[in-house]
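Structure file coords_9.cif (mmCIF, C-alpha atoms) follows.
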```cif
data_start
#
loop_
_atom_site.label_atom_id
_atom_site.label_comp_id
_atom_site.auth_asym_id
_atom_site.auth_seq_id
_atom_site.Cartn_x
_atom_site.Cartn_y
_atom_site.Cartn_z
CA MET A 1314 103.44 69.56 176.85
CA ALA A 1315 104.25 72.74 178.73
CA GLU A 1316 103.42 76.00 177.01
CA LYS A 1317 106.11 78.49 176.06
CA LEU A 1318 105.77 82.12 177.06
CA ILE A 1319 106.59 84.69 174.36
CA ARG A 1320 106.89 88.21 175.77
CA ILE A 1321 105.87 90.96 173.36
CA PRO A 1322 107.00 94.38 174.66
CA LEU A 1323 104.50 97.04 173.65
CA ALA A 1324 107.37 99.52 173.33
CA GLY A 1325 108.49 97.68 170.21
CA ASN A 1326 105.28 96.20 168.79
CA ALA A 1327 102.44 98.63 169.61
CA PHE A 1328 101.35 101.81 167.85
CA ARG A 1329 98.78 104.46 168.63
CA GLU A 1330 96.78 104.42 165.43
CA THR A 1331 94.24 107.16 166.07
CA PRO A 1332 94.56 110.87 166.94
CA GLY A 1333 94.24 111.98 170.53
CA SER A 1334 96.35 113.10 173.42
CA GLY A 1335 95.20 110.56 175.99
CA GLY A 1336 97.60 107.70 175.43
CA LYS A 1337 101.04 107.05 173.94
CA VAL A 1338 103.60 104.29 173.45
CA THR A 1339 106.77 104.87 175.46
CA PRO A 1340 109.93 102.79 176.07
CA GLY A 1341 108.09 101.33 179.06
CA GLY A 1342 104.84 100.49 177.28
CA ILE A 1343 101.53 102.35 177.01
CA SER A 1344 101.12 105.29 179.35
CA GLU A 1345 98.74 108.21 180.00
CA TRP A 1346 95.96 106.16 178.45
CA SER A 1347 92.79 108.15 179.17
CA ASP A 1348 91.08 108.86 175.81
CA PRO A 1349 88.36 106.30 174.90
CA ASP A 1350 88.71 107.18 171.22
CA VAL A 1351 92.37 106.17 171.10
CA LYS A 1352 93.10 102.76 169.60
CA PHE A 1353 96.39 100.87 169.84
CA GLY A 1354 97.44 98.18 167.38
CA ILE A 1355 99.87 95.42 168.40
CA TYR A 1356 101.41 93.26 165.66
CA VAL A 1357 102.82 89.72 165.79
CA SER A 1358 103.33 87.26 162.93
CA PHE A 1359 102.32 83.59 163.46
CA ARG A 1360 102.42 80.30 161.62
CA ALA A 1361 99.12 78.96 160.32
CA GLY A 1362 97.06 76.72 162.61
CA VAL A 1363 98.58 77.96 165.87
CA THR A 1364 96.40 77.97 168.98
CA PHE A 1365 97.61 80.33 171.68
CA HIS A 1366 96.49 82.05 174.85
CA ALA A 1367 96.99 85.78 175.30
CA ALA A 1368 97.34 87.93 178.42
CA LEU A 1369 98.11 91.56 179.09
CA LYS A 1370 100.93 92.43 181.48
CA LEU A 1371 100.19 95.60 183.48
CA ARG A 1372 101.94 97.87 185.86
CA ASN A 1373 100.04 97.46 189.12
CA GLN A 1374 96.41 98.44 188.38
CA THR A 1375 95.24 101.28 190.66
CA ALA A 1376 91.52 101.67 189.75
CA ASN A 1377 88.56 99.78 188.37
CA ALA A 1378 88.42 100.04 184.60
CA LYS A 1379 87.09 98.37 181.47
CA ILE A 1380 89.04 97.97 178.27
CA ARG A 1381 88.29 96.42 174.89
CA PHE A 1382 90.55 93.79 173.32
CA ALA A 1383 90.04 92.47 169.78
CA ALA A 1384 91.91 89.97 167.59
CA LEU A 1385 91.11 87.41 164.89
CA GLN A 1386 87.42 88.38 164.71
CA ASN A 1387 87.02 88.12 168.49
CA ASP A 1388 86.06 91.18 170.52
CA TYR A 1389 86.06 91.23 174.33
CA GLU A 1390 85.38 93.65 177.16
CA ILE A 1391 87.90 93.10 179.95
CA ALA A 1392 87.24 94.23 183.51
CA LEU A 1393 90.31 95.40 185.44
CA GLU A 1394 90.46 95.66 189.22
CA PRO A 1395 92.99 97.31 191.56
CA GLY A 1396 96.03 95.11 192.11
CA TYR A 1397 95.86 93.32 188.77
CA ASN A 1398 99.19 92.91 186.96
CA GLU A 1399 98.30 90.21 184.41
CA VAL A 1400 94.92 89.87 182.71
CA PRO A 1401 93.90 86.86 180.54
CA LEU A 1402 92.63 87.86 177.08
CA GLY A 1403 91.32 84.60 175.66
CA THR A 1404 92.35 81.81 173.31
CA TYR A 1405 92.89 82.19 169.57
CA THR A 1406 93.74 80.08 166.51
CA THR A 1407 95.41 81.40 163.39
CA GLU A 1408 94.23 80.35 159.93
CA LYS A 1409 97.25 81.39 157.87
CA ASP A 1410 100.87 82.43 158.09
CA GLY A 1411 101.20 86.13 158.74
CA TYR A 1412 100.60 89.07 160.99
CA VAL A 1413 97.81 89.24 163.56
CA ARG A 1414 96.67 92.66 164.73
CA PHE A 1415 95.62 92.94 168.37
CA GLU A 1416 93.60 96.05 169.22
CA LEU A 1417 93.31 97.82 172.58
CA GLN A 1418 90.79 100.53 173.42
CA GLY A 1419 89.67 102.01 176.71
CA ILE A 1420 85.98 101.97 177.73
CA SER A 1421 85.70 103.38 181.23
CA THR A 1422 87.73 104.00 184.40
CA ASP A 1423 87.26 105.16 187.96
CA GLY A 1424 90.74 106.67 187.92
CA THR A 1425 92.73 109.03 185.74
CA HIS A 1426 93.63 106.42 183.15
CA PHE A 1427 92.48 102.98 182.01
CA ALA A 1428 95.68 101.00 182.60
CA SER A 1429 99.43 101.01 182.01
CA PRO A 1430 100.15 97.84 180.02
CA THR A 1431 103.76 96.94 179.35
CA GLU A 1432 103.72 93.63 177.46
CA LEU A 1433 101.48 91.21 175.60
CA PHE A 1434 102.04 87.66 176.86
CA LEU A 1435 101.56 84.84 174.34
CA TYR A 1436 101.41 81.25 175.55
CA VAL A 1437 102.23 78.91 172.63
CA ALA A 1438 103.11 75.26 172.17
CA ASP A 1439 106.46 76.06 170.57
CA GLU A 1440 108.55 79.18 170.11
CA THR A 1441 108.56 78.61 166.34
CA ASP A 1442 104.80 79.28 166.32
CA VAL A 1443 105.71 82.98 166.29
CA LEU A 1444 107.37 84.00 163.03
CA SER A 1445 108.13 87.65 163.60
CA CYS A 1446 107.98 90.17 166.43
CA ILE A 1447 110.23 92.37 168.54
CA THR A 1448 111.14 90.56 171.76
CA PRO A 1449 112.97 92.02 174.79
CA LYS A 1450 116.25 90.36 173.78
CA ASP A 1451 116.03 92.00 170.33
CA LYS A 1452 115.90 95.53 171.71
CA GLU A 1453 118.17 97.84 169.78
CA ASN A 1454 119.46 101.28 170.70
CA TYR A 1455 117.15 104.29 170.91
CA GLY A 1456 114.28 102.39 172.53
CA TYR A 1457 113.23 100.22 169.59
CA TYR A 1458 113.45 103.24 167.28
CA TRP A 1459 114.80 101.39 164.24
CA THR A 1460 112.45 98.43 164.45
CA ARG A 1461 109.40 100.62 165.07
CA ARG A 1462 110.23 102.52 161.88
CA GLY A 1463 109.94 99.29 159.97
CA PRO A 1464 112.31 97.60 157.51
CA SER A 1465 114.07 99.64 154.85
CA VAL A 1466 114.44 98.08 151.40
CA HIS A 1467 116.82 98.82 148.54
CA CYS A 1468 117.13 98.12 144.85
CA ASN A 1469 120.78 97.87 143.86
CA TYR A 1470 121.70 98.56 140.23
CA SER A 1471 124.36 96.36 138.65
CA THR A 1472 126.97 98.68 137.13
CA HIS A 1473 130.07 96.51 137.41
CA GLU A 1474 130.39 96.15 133.63
CA MET A 1475 131.22 99.86 133.24
CA GLU A 1476 134.06 101.90 134.76
CA ARG A 1477 134.35 105.57 135.72
CA ILE A 1478 130.62 106.28 136.03
CA GLU A 1479 130.25 110.05 136.14
CA TRP A 1480 126.48 110.54 135.79
CA PHE A 1481 123.45 108.59 136.98
CA TYR A 1482 119.82 109.28 136.08
CA ASP A 1483 116.69 107.80 137.69
CA GLU A 1484 112.93 108.40 137.89
CA VAL A 1485 110.69 108.02 140.96
CA THR A 1486 106.92 107.88 141.38
CA VAL A 1487 105.16 107.60 144.73
CA PRO A 1488 101.63 106.23 144.15
CA ALA A 1489 98.64 107.93 145.73
CA GLY A 1490 97.98 106.86 149.31
CA PHE A 1491 101.49 105.55 149.92
CA ASP A 1492 103.17 108.78 151.06
CA PRO A 1493 102.54 109.04 154.83
CA VAL A 1494 104.65 111.34 156.96
CA GLY A 1495 108.09 109.78 157.37
CA THR A 1496 108.39 108.54 153.79
CA TYR A 1497 111.79 108.87 152.12
CA ALA A 1498 111.82 107.67 148.51
CA MET A 1499 115.54 107.84 147.85
CA ALA A 1500 116.14 107.99 144.12
CA ILE A 1501 119.93 107.85 143.75
CA GLY A 1502 122.19 106.51 146.45
CA PHE A 1503 125.92 105.95 146.08
CA ARG A 1504 128.96 105.31 148.22
CA GLY A 1505 129.12 108.57 150.11
CA GLY A 1506 125.56 109.91 149.98
CA TYR A 1507 121.94 109.87 148.83
CA PHE A 1508 119.37 112.00 146.97
CA GLY A 1509 115.55 111.76 146.94
CA ILE A 1510 112.19 113.09 148.17
CA GLN A 1511 110.58 113.06 151.61
CA THR A 1512 107.22 113.59 153.32
CA ASN A 1513 108.23 115.62 156.37
CA SER A 1514 104.83 116.65 157.77
CA LYS A 1515 101.23 117.09 156.66
CA ASN A 1516 102.22 120.46 155.25
CA GLU A 1517 105.83 120.03 154.17
CA ARG A 1518 107.71 117.94 151.62
CA ARG A 1519 111.37 118.10 150.66
CA ILE A 1520 114.00 117.24 148.11
CA LEU A 1521 116.92 115.95 150.18
CA PHE A 1522 120.57 115.52 149.19
CA SER A 1523 123.26 114.51 151.69
CA VAL A 1524 126.93 113.50 151.58
CA TRP A 1525 128.72 111.75 154.44
CA SER A 1526 132.00 113.01 155.82
CA PRO A 1527 134.93 110.54 155.54
CA HIS A 1528 135.34 111.01 159.32
CA VAL A 1529 133.14 108.37 160.97
CA THR A 1530 131.04 109.82 163.80
CA ASP A 1531 127.38 110.38 164.67
CA ASP A 1532 128.18 113.86 165.99
CA PRO A 1533 128.92 116.42 163.25
CA SER A 1534 130.65 118.72 165.76
CA GLU A 1535 133.42 116.10 166.12
CA ILE A 1536 134.43 116.26 162.45
CA PRO A 1537 137.88 117.85 161.99
CA GLU A 1538 137.89 120.96 159.82
CA ASP A 1539 139.86 119.31 157.01
CA LEU A 1540 137.36 116.43 156.82
CA ARG A 1541 134.18 118.52 156.64
CA ILE A 1542 131.89 118.50 153.62
CA VAL A 1543 132.08 121.84 151.76
CA CYS A 1544 129.14 123.28 149.81
CA LEU A 1545 130.42 124.69 146.50
CA ARG A 1546 127.10 125.94 145.14
CA LYS A 1547 123.38 125.52 145.68
CA HIS A 1548 119.94 126.53 144.47
CA GLU A 1549 118.67 129.77 145.96
CA ARG A 1550 115.85 127.82 147.66
CA THR A 1551 118.14 125.14 149.10
CA HIS A 1552 118.99 125.06 152.81
CA VAL A 1553 122.46 123.70 153.62
CA GLY A 1554 123.51 122.36 157.02
CA GLU A 1555 124.82 119.24 158.74
CA PHE A 1556 123.32 115.93 159.81
CA GLY A 1557 124.23 113.30 162.40
CA GLY A 1558 122.94 110.19 164.12
CA GLU A 1559 123.71 107.78 161.26
CA GLY A 1560 127.16 108.97 160.40
CA SER A 1561 127.60 112.71 159.83
CA GLY A 1562 128.17 115.07 156.97
CA GLY A 1563 126.72 117.81 154.81
CA GLN A 1564 123.00 117.97 154.20
CA SER A 1565 120.92 120.05 151.82
CA TYR A 1566 117.21 120.21 151.31
CA MET A 1567 114.63 122.23 149.45
CA LYS A 1568 111.02 122.50 150.52
CA TYR A 1569 109.10 121.36 147.48
CA ASN A 1570 105.48 120.21 147.24
CA TRP A 1571 106.01 117.10 145.13
CA LYS A 1572 102.83 115.15 144.36
CA THR A 1573 101.86 111.49 144.40
CA GLY A 1574 101.22 109.90 141.03
CA GLU A 1575 103.70 112.18 139.28
CA THR A 1576 107.06 110.95 138.02
CA TYR A 1577 110.10 112.96 139.10
CA ARG A 1578 113.53 112.92 137.45
CA PHE A 1579 116.84 112.88 139.33
CA LEU A 1580 120.40 113.27 138.09
CA MET A 1581 123.66 112.82 140.03
CA HIS A 1582 127.13 113.90 138.95
CA VAL A 1583 130.30 112.59 140.62
CA ARG A 1584 133.77 113.71 139.54
CA PRO A 1585 137.12 113.17 141.30
CA GLN A 1586 139.26 116.32 141.26
CA GLY A 1587 142.66 114.62 141.06
CA ASP A 1588 143.82 116.08 144.38
CA GLY A 1589 142.23 113.53 146.72
CA LYS A 1590 138.85 115.30 146.72
CA THR A 1591 135.60 114.53 144.88
CA VAL A 1592 132.65 116.74 143.95
CA PHE A 1593 129.09 115.40 144.23
CA THR A 1594 126.34 117.42 142.52
CA ALA A 1595 122.58 116.71 142.60
CA TYR A 1596 120.15 117.91 139.92
CA PHE A 1597 116.36 117.76 140.00
CA PHE A 1598 114.04 118.27 137.03
CA PHE A 1599 111.41 120.86 137.90
CA PRO A 1600 108.22 120.40 135.82
CA GLU A 1601 107.42 124.07 136.51
CA THR A 1602 110.54 125.32 134.69
CA GLY A 1603 110.98 122.40 132.32
CA LYS A 1604 114.65 121.93 133.14
CA PHE A 1605 117.15 120.34 135.51
CA GLU A 1606 118.44 122.65 138.23
CA CYS A 1607 121.21 122.14 140.77
CA ILE A 1608 120.00 121.39 144.30
CA ALA A 1609 123.53 121.51 145.74
CA SER A 1610 127.13 120.62 145.01
CA PHE A 1611 129.37 119.23 147.77
CA LEU A 1612 133.13 118.74 147.92
CA ARG A 1613 134.16 115.63 149.90
CA PRO A 1614 137.78 115.61 151.17
CA LYS A 1615 140.06 112.57 151.24
CA THR A 1616 137.94 110.97 148.52
CA ASP A 1617 139.02 109.94 145.04
CA THR A 1618 136.15 108.14 143.36
CA TRP A 1619 133.69 107.97 140.51
CA MET A 1620 130.13 106.87 141.23
CA ILE A 1621 129.97 103.40 142.77
CA GLY A 1622 127.41 101.40 144.74
CA VAL A 1623 124.44 102.95 142.91
CA HIS A 1624 121.08 102.09 144.45
CA SER A 1625 117.65 103.37 145.46
CA PHE A 1626 115.84 102.77 148.73
CA LEU A 1627 112.57 103.32 150.57
CA GLU A 1628 112.47 104.04 154.28
CA ASN A 1629 110.29 105.45 157.04
CA PHE A 1630 112.02 107.92 159.35
CA SER A 1631 109.01 108.36 161.70
CA ASP A 1632 108.97 105.60 164.33
CA THR A 1633 105.38 106.39 165.39
CA ARG A 1634 104.12 105.65 161.86
CA GLY A 1635 105.67 102.25 161.29
CA TYR A 1636 102.20 100.70 161.02
CA ILE A 1637 101.43 102.54 157.75
CA THR A 1638 102.41 101.18 154.35
CA ARG A 1639 104.50 103.23 151.91
CA MET A 1640 105.59 102.45 148.37
CA ALA A 1641 107.58 103.93 145.48
CA TYR A 1642 108.25 103.05 141.85
CA TYR A 1643 111.76 103.43 140.38
CA GLY A 1644 112.21 103.47 136.62
CA ASN A 1645 114.42 104.09 133.61
CA PRO A 1646 117.85 104.13 135.33
CA TRP A 1647 120.72 105.26 133.14
CA ALA A 1648 124.44 105.76 133.73
CA ARG A 1649 127.03 107.66 131.70
CA THR A 1650 130.76 107.08 131.92
CA ALA A 1651 133.45 109.74 131.87
CA ASP A 1652 134.21 108.90 128.21
CA GLY A 1653 130.60 109.48 127.15
CA GLN A 1654 129.15 105.97 127.05
CA TRP A 1655 125.52 105.56 128.17
CA PHE A 1656 124.06 102.31 129.50
CA SER A 1657 120.98 101.22 131.43
CA PRO A 1658 121.50 98.64 134.22
CA LYS A 1659 119.53 95.47 133.56
CA ARG A 1660 120.07 93.61 136.82
CA ILE A 1661 118.53 94.75 140.14
CA LEU A 1662 119.27 93.16 143.52
CA LEU A 1663 116.70 93.49 146.32
CA THR A 1664 118.23 93.97 149.77
CA GLY A 1665 117.05 95.12 153.20
CA ASP A 1666 118.35 96.60 156.43
CA ASN A 1667 119.01 94.74 159.67
CA THR A 1668 115.35 94.94 160.74
CA ALA A 1669 114.47 92.92 157.64
CA ARG A 1670 117.46 90.58 157.77
CA GLN A 1671 116.88 89.65 161.41
CA SER A 1672 113.16 89.05 160.65
CA TRP A 1673 112.25 91.46 163.41
CA ARG A 1674 109.77 92.68 160.83
CA THR A 1675 108.83 91.06 157.55
CA ASP A 1676 106.57 93.77 156.08
CA TYR A 1677 108.80 94.57 153.11
CA ASP A 1678 108.64 93.79 149.40
CA GLY A 1679 110.12 94.66 146.05
CA GLY A 1680 109.93 93.53 142.44
CA MET A 1681 109.28 94.34 138.81
CA LEU A 1682 106.09 95.98 137.59
CA ASP A 1683 104.58 95.12 134.21
CA ASP A 1684 105.75 98.45 132.77
CA GLY A 1685 109.39 97.75 133.61
CA ARG A 1686 109.65 99.86 136.76
CA PHE A 1687 110.88 98.40 140.04
CA TYR A 1688 108.73 98.86 143.15
CA LEU A 1689 109.73 98.98 146.80
CA LYS A 1690 107.21 98.64 149.61
CA ASN A 1691 107.46 98.62 153.41
CA GLY A 1692 105.55 99.15 156.65
CA GLY A 1693 101.94 98.34 157.47
CA PHE A 1694 102.48 94.72 158.54
CA PHE A 1695 101.48 93.11 155.25
CA ASP A 1696 102.41 89.46 154.70
CA GLU A 1697 103.54 88.87 151.10
CA HIS A 1698 107.17 89.68 150.37
CA ALA A 1699 109.97 88.75 148.01
CA PRO A 1700 113.08 87.14 149.51
CA LEU A 1701 116.03 89.40 150.20
CA ASP A 1702 118.96 89.10 147.81
CA LYS A 1703 116.70 88.11 144.95
CA ILE A 1704 117.90 89.26 141.52
CA PHE A 1705 115.47 90.82 139.04
CA TYR A 1706 116.09 91.55 135.37
CA ARG A 1707 114.91 94.43 133.24
CA THR A 1708 114.71 94.38 129.42
CA PHE A 1709 116.09 96.87 126.93
CA ALA A 1710 112.51 97.71 125.99
CA ASP A 1711 112.10 99.19 129.48
CA SER A 1712 114.75 101.86 128.84
CA VAL A 1713 114.42 105.24 127.17
CA ARG A 1714 117.66 107.20 127.29
CA PRO A 1715 117.11 110.67 128.79
CA ASP A 1716 117.50 113.63 126.46
CA LEU A 1717 120.07 115.69 128.36
CA ASP A 1718 122.55 118.40 127.52
CA LEU A 1719 125.11 117.68 130.22
CA ASN A 1720 127.43 120.44 129.08
CA GLU A 1721 124.65 122.95 129.76
CA LEU A 1722 124.37 121.71 133.35
CA GLU A 1723 128.09 121.99 134.07
#
```
For this file, produce the structure as structure tokens.
Amino acid sequence: MAEKLIRIPLAGNAFRETPGSGGKVTPGGISEWSDPDVKFGIYVSFRAGVTFHAALKLRNQTANAKIRFAALQNDYEIALEPGYNEVPLGTYTTEKDGYVRFELQGISTDGTHFASPTELFLYVADETDVLSCITPKDKENYGYYWTRRGPSVHCNYSTHEMERIEWFYDEVTVPAGFDPVGTYAMAIGFRGGYFGIQTNSKNERRILFSVWSPHVTDDPSEIPEDLRIVCLRKHERTHVGEFGGEGSGGQSYMKYNWKTGETYRFLMHVRPQGDGKTVFTAYFFFPETGKFECIASFLRPKTDTWMIGVHSFLENFSDTRGYITRMAYYGNPWARTADGQWFSPKRILLTGDNTARQSWRTDYDGGMLDDGRFYLKNGGFFDEHAPLDKIFYRTFADSVRPDLDLNELE
């Protein structure tokens, strides 16, 4: 039986996993690869018991070089000669369903760089032997940006039994070691915006609150004046501006050194004004002051709504760090209606973005913890995951109504 060729573009499936300036992943593959300490990881998910041959597709090799290639407990030195454009890398057999990590590292070269590989070629008996990867036909906009970030996952709170939800409260904990740069643990999302905490760099973390404009565009400069988000008030430490690229609108953030292992409390207020406009206000509980304080309050035009579509999510907004796992715990959600009724949602629906739904990447998970919190997890190419659209149930014992003086806040 003839083998099938599966092309694995490095632009979508490879990551530079070590520091160094001599080598990077570009839309065309690996380039400027000159640092022998740099390691690249390439990730593909296979069925169990699959035997396959691997080869590395190169731009025309210009100098003698040696590289190292490792996978499935095999480690090879590969000699490259001028003129090479495809190099065999050996035969492998998988033992279980799941991701295989292929590693590339340079050893020596007579030129300025080791090689310029563009694709990993996999020769398999059947295309179904490969369970998950980014292939050339799956390429999305922005040069694989969304798929390299990894799948985003959401926990959706069932609030359909109550009407006119005015307040929503939630708690978020990011466990130690699961907060790499690019992490956004979004605590309270709703139709129109989102509110949570981010890891923006090694030295900066933020509380982020954004509201979309009703004018649909990725360019905030295109929003008509009467459809712009208006900031009504904000904390003295909050920066207010605009965002684009995934819709557009008003954005606010505060630099705040939140810590892993600590539980943070979030509170959203949504109130229609009766004139076709709605005010969205985000509050964060600061352990340092012992009270909730307003991050920002936005007026959204052409909007007449209470809080609907309440959810939390976990995402990675750094496409170069999609090989690192992140996780967050979400607990004790509570909603309050406009007539003063409190309730805690008991049903949670796990969903994912298009990267998850298309199985371009399957390193996502979510579910209930023993203490009643809901966890979300993504990135890092792990194998175990819950099915999307699975429903989870909380118990009343998991809920402790927050002690809040809402009149004091308003």
(request) Just say which residues the PyMOL selection byres ((chain A and resi 1522-1525) around 8) picks in this file, as a ChimeraX atom specification. (result) /A:1505-1509,1520-1521,1526-1527,1542,1560-1566,1593,1595,1608-1609,1611,1613
Determine, for each residue of stretch 1413-1531 of chain A having at least one atom at most 12 Å from an atom of stretch 1639-1656 of chain A, the closest pair of atoms and their separation in Å to one decimal, counting all atoms listed in the file; order by chain and ascending number, as CSV.
```
residue,atom,partner,partner_atom,distance
A:Arg1462,CA,A:Arg1639,CA,11.5
A:Gly1463,CA,A:Arg1639,CA,10.5
A:Pro1464,CA,A:Arg1639,CA,11.1
A:Ser1465,CA,A:Arg1639,CA,10.6
A:Val1466,CA,A:Met1640,CA,10.3
A:His1467,CA,A:Tyr1643,CA,10.7
A:Cys1468,CA,A:Tyr1643,CA,8.8
A:Asn1469,CA,A:Pro1646,CA,11.0
A:Tyr1470,CA,A:Pro1646,CA,8.4
A:Ser1471,CA,A:Ala1648,CA,10.6
A:Thr1472,CA,A:Ala1648,CA,8.3
A:His1473,CA,A:Ala1648,CA,11.4
A:Glu1474,CA,A:Phe1656,CA,9.8
A:Met1475,CA,A:Thr1650,CA,7.4
A:Glu1476,CA,A:Thr1650,CA,6.8
A:Arg1477,CA,A:Thr1650,CA,5.4
A:Ile1478,CA,A:Thr1650,CA,4.2
A:Glu1479,CA,A:Thr1650,CA,5.2
A:Trp1480,CA,A:Arg1649,CA,5.0
A:Phe1481,CA,A:Ala1648,CA,4.4
A:Tyr1482,CA,A:Trp1647,CA,5.1
A:Asp1483,CA,A:Pro1646,CA,4.5
A:Glu1484,CA,A:Gly1644,CA,5.1
A:Val1485,CA,A:Tyr1643,CA,4.7
A:Thr1486,CA,A:Tyr1642,CA,5.0
A:Val1487,CA,A:Ala1641,CA,4.5
A:Pro1488,CA,A:Ala1641,CA,6.5
A:Ala1489,CA,A:Met1640,CA,9.2
A:Gly1490,CA,A:Arg1639,CA,7.9
A:Phe1491,CA,A:Arg1639,CA,4.3
A:Asp1492,CA,A:Arg1639,CA,5.8
A:Pro1493,CA,A:Arg1639,CA,6.8
A:Val1494,CA,A:Arg1639,CA,9.6
A:Gly1495,CA,A:Arg1639,CA,9.3
A:Thr1496,CA,A:Arg1639,CA,6.8
A:Tyr1497,CA,A:Arg1639,CA,9.2
A:Ala1498,CA,A:Ala1641,CA,6.4
A:Met1499,CA,A:Ala1641,CA,9.2
A:Ala1500,CA,A:Tyr1643,CA,7.3
A:Ile1501,CA,A:Pro1646,CA,9.4
A:Gly1509,CA,A:Tyr1643,CA,11.3
A:Ile1510,CA,A:Ala1641,CA,10.6
A:Gln1511,CA,A:Ala1641,CA,11.4
A:Thr1512,CA,A:Arg1639,CA,10.8
```
Output as AutoDock Vina command-line options the centre and edge lengths (Å, one decimal) of the box along x, y and z of the file that holds every listed atom of stretch 1377-1384 of chain A after adding 8 Å on each side.
```
--center_x 89.5 --center_y 95.0 --center_z 178.0 --size_x 20.8 --size_y 26.1 --size_z 36.8
```
Carefully work through the PyMOL selection byres ((chain A and resi 1698) around 12) for this structure and note down the residues it includes, as an mmCIF file with C-alpha atoms, in the frame of the given file.
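Contents of part27.cif, as written:
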```
data_model
loop_
_atom_site.group_PDB
_atom_site.id
_atom_site.type_symbol
_atom_site.label_atom_id
_atom_site.label_comp_id
_atom_site.auth_asym_id
_atom_site.auth_seq_id
_atom_site.Cartn_x
_atom_site.Cartn_y
_atom_site.Cartn_z
ATOM 1 C CA GLY A 1411 101.200 86.130 158.740
ATOM 2 C CA PRO A 1464 112.310 97.600 157.510
ATOM 3 C CA VAL A 1466 114.440 98.080 151.400
ATOM 4 C CA LEU A 1663 116.700 93.490 146.320
ATOM 5 C CA THR A 1664 118.230 93.970 149.770
ATOM 6 C CA GLY A 1665 117.050 95.120 153.200
ATOM 7 C CA ALA A 1669 114.470 92.920 157.640
ATOM 8 C CA SER A 1672 113.160 89.050 160.650
ATOM 9 C CA ARG A 1674 109.770 92.680 160.830
ATOM 10 C CA THR A 1675 108.830 91.060 157.550
ATOM 11 C CA ASP A 1676 106.570 93.770 156.080
ATOM 12 C CA TYR A 1677 108.800 94.570 153.110
ATOM 13 C CA ASP A 1678 108.640 93.790 149.400
ATOM 14 C CA GLY A 1679 110.120 94.660 146.050
ATOM 15 C CA GLY A 1680 109.930 93.530 142.440
ATOM 16 C CA TYR A 1688 108.730 98.860 143.150
ATOM 17 C CA LEU A 1689 109.730 98.980 146.800
ATOM 18 C CA LYS A 1690 107.210 98.640 149.610
ATOM 19 C CA ASN A 1691 107.460 98.620 153.410
ATOM 20 C CA GLY A 1692 105.550 99.150 156.650
ATOM 21 C CA PHE A 1694 102.480 94.720 158.540
ATOM 22 C CA PHE A 1695 101.480 93.110 155.250
ATOM 23 C CA ASP A 1696 102.410 89.460 154.700
ATOM 24 C CA GLU A 1697 103.540 88.870 151.100
ATOM 25 C CA ALA A 1699 109.970 88.750 148.010
ATOM 26 C CA PRO A 1700 113.080 87.140 149.510
ATOM 27 C CA LEU A 1701 116.030 89.400 150.200
ATOM 28 C CA LYS A 1703 116.700 88.110 144.950
#
```
(message) Suppose a student applies the PyMOL selection byres ((chain A and resi 1589) around 12) to this structure; what residues should they get, written as a list of chain:residue names?
(response)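 This file gives the following for the PyMOL selection byres ((chain A and resi 1589) around 12): A:Pro1527, A:Leu1540, A:Arg1584, A:Pro1585, A:Gln1586, A:Gly1587, A:Asp1588, A:Lys1590, A:Thr1591, A:Val1592, A:Leu1612, A:Arg1613, A:Pro1614, A:Lys1615, A:Thr1616, A:Asp1617, A:Thr1618, A:Trp1619.
Take the candidates A:Leu1627, A:Ile1704, A:Met1567, A:Cys1607 and check each one against A:Phe1579 using all atoms listed in the file; the shortest distance goes to A:Cys1607.
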(request) Work out how far apart atom CA of A:Asp1439 and atom CA of A:Glu1399 are and give it in Å to one decimal. (result) 21.4 Å
(request) Write out as a ChimeraX atom specification each polymer residue whose atoms come within 10 Å of stretch 1378-1385 of chain A, counting all atoms listed in the file; drop sequence neighbours fewer than 4 positions from it. (result) /A:1349,1352-1355,1369,1374,1389-1395,1402-1408,1413-1424,1426-1428
Output C-alpha atoms for every residue in that selection, as a short mmCIF file (atom, residue, chain, number, x, y, z; two decimals), in the frame of the given file.
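This went into part-v1.cif:
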```
data_model
loop_
_atom_site.label_atom_id
_atom_site.label_comp_id
_atom_site.auth_asym_id
_atom_site.auth_seq_id
_atom_site.Cartn_x
_atom_site.Cartn_y
_atom_site.Cartn_z
CA PRO A 1349 88.36 106.30 174.90
CA LYS A 1352 93.10 102.76 169.60
CA PHE A 1353 96.39 100.87 169.84
CA GLY A 1354 97.44 98.18 167.38
CA ILE A 1355 99.87 95.42 168.40
CA LEU A 1369 98.11 91.56 179.09
CA GLN A 1374 96.41 98.44 188.38
CA TYR A 1389 86.06 91.23 174.33
CA GLU A 1390 85.38 93.65 177.16
CA ILE A 1391 87.90 93.10 179.95
CA ALA A 1392 87.24 94.23 183.51
CA LEU A 1393 90.31 95.40 185.44
CA GLU A 1394 90.46 95.66 189.22
CA PRO A 1395 92.99 97.31 191.56
CA LEU A 1402 92.63 87.86 177.08
CA GLY A 1403 91.32 84.60 175.66
CA THR A 1404 92.35 81.81 173.31
CA TYR A 1405 92.89 82.19 169.57
CA THR A 1406 93.74 80.08 166.51
CA THR A 1407 95.41 81.40 163.39
CA GLU A 1408 94.23 80.35 159.93
CA VAL A 1413 97.81 89.24 163.56
CA ARG A 1414 96.67 92.66 164.73
CA PHE A 1415 95.62 92.94 168.37
CA GLU A 1416 93.60 96.05 169.22
CA LEU A 1417 93.31 97.82 172.58
CA GLN A 1418 90.79 100.53 173.42
CA GLY A 1419 89.67 102.01 176.71
CA ILE A 1420 85.98 101.97 177.73
CA SER A 1421 85.70 103.38 181.23
CA THR A 1422 87.73 104.00 184.40
CA ASP A 1423 87.26 105.16 187.96
CA GLY A 1424 90.74 106.67 187.92
CA HIS A 1426 93.63 106.42 183.15
CA PHE A 1427 92.48 102.98 182.01
CA ALA A 1428 95.68 101.00 182.60
#
```
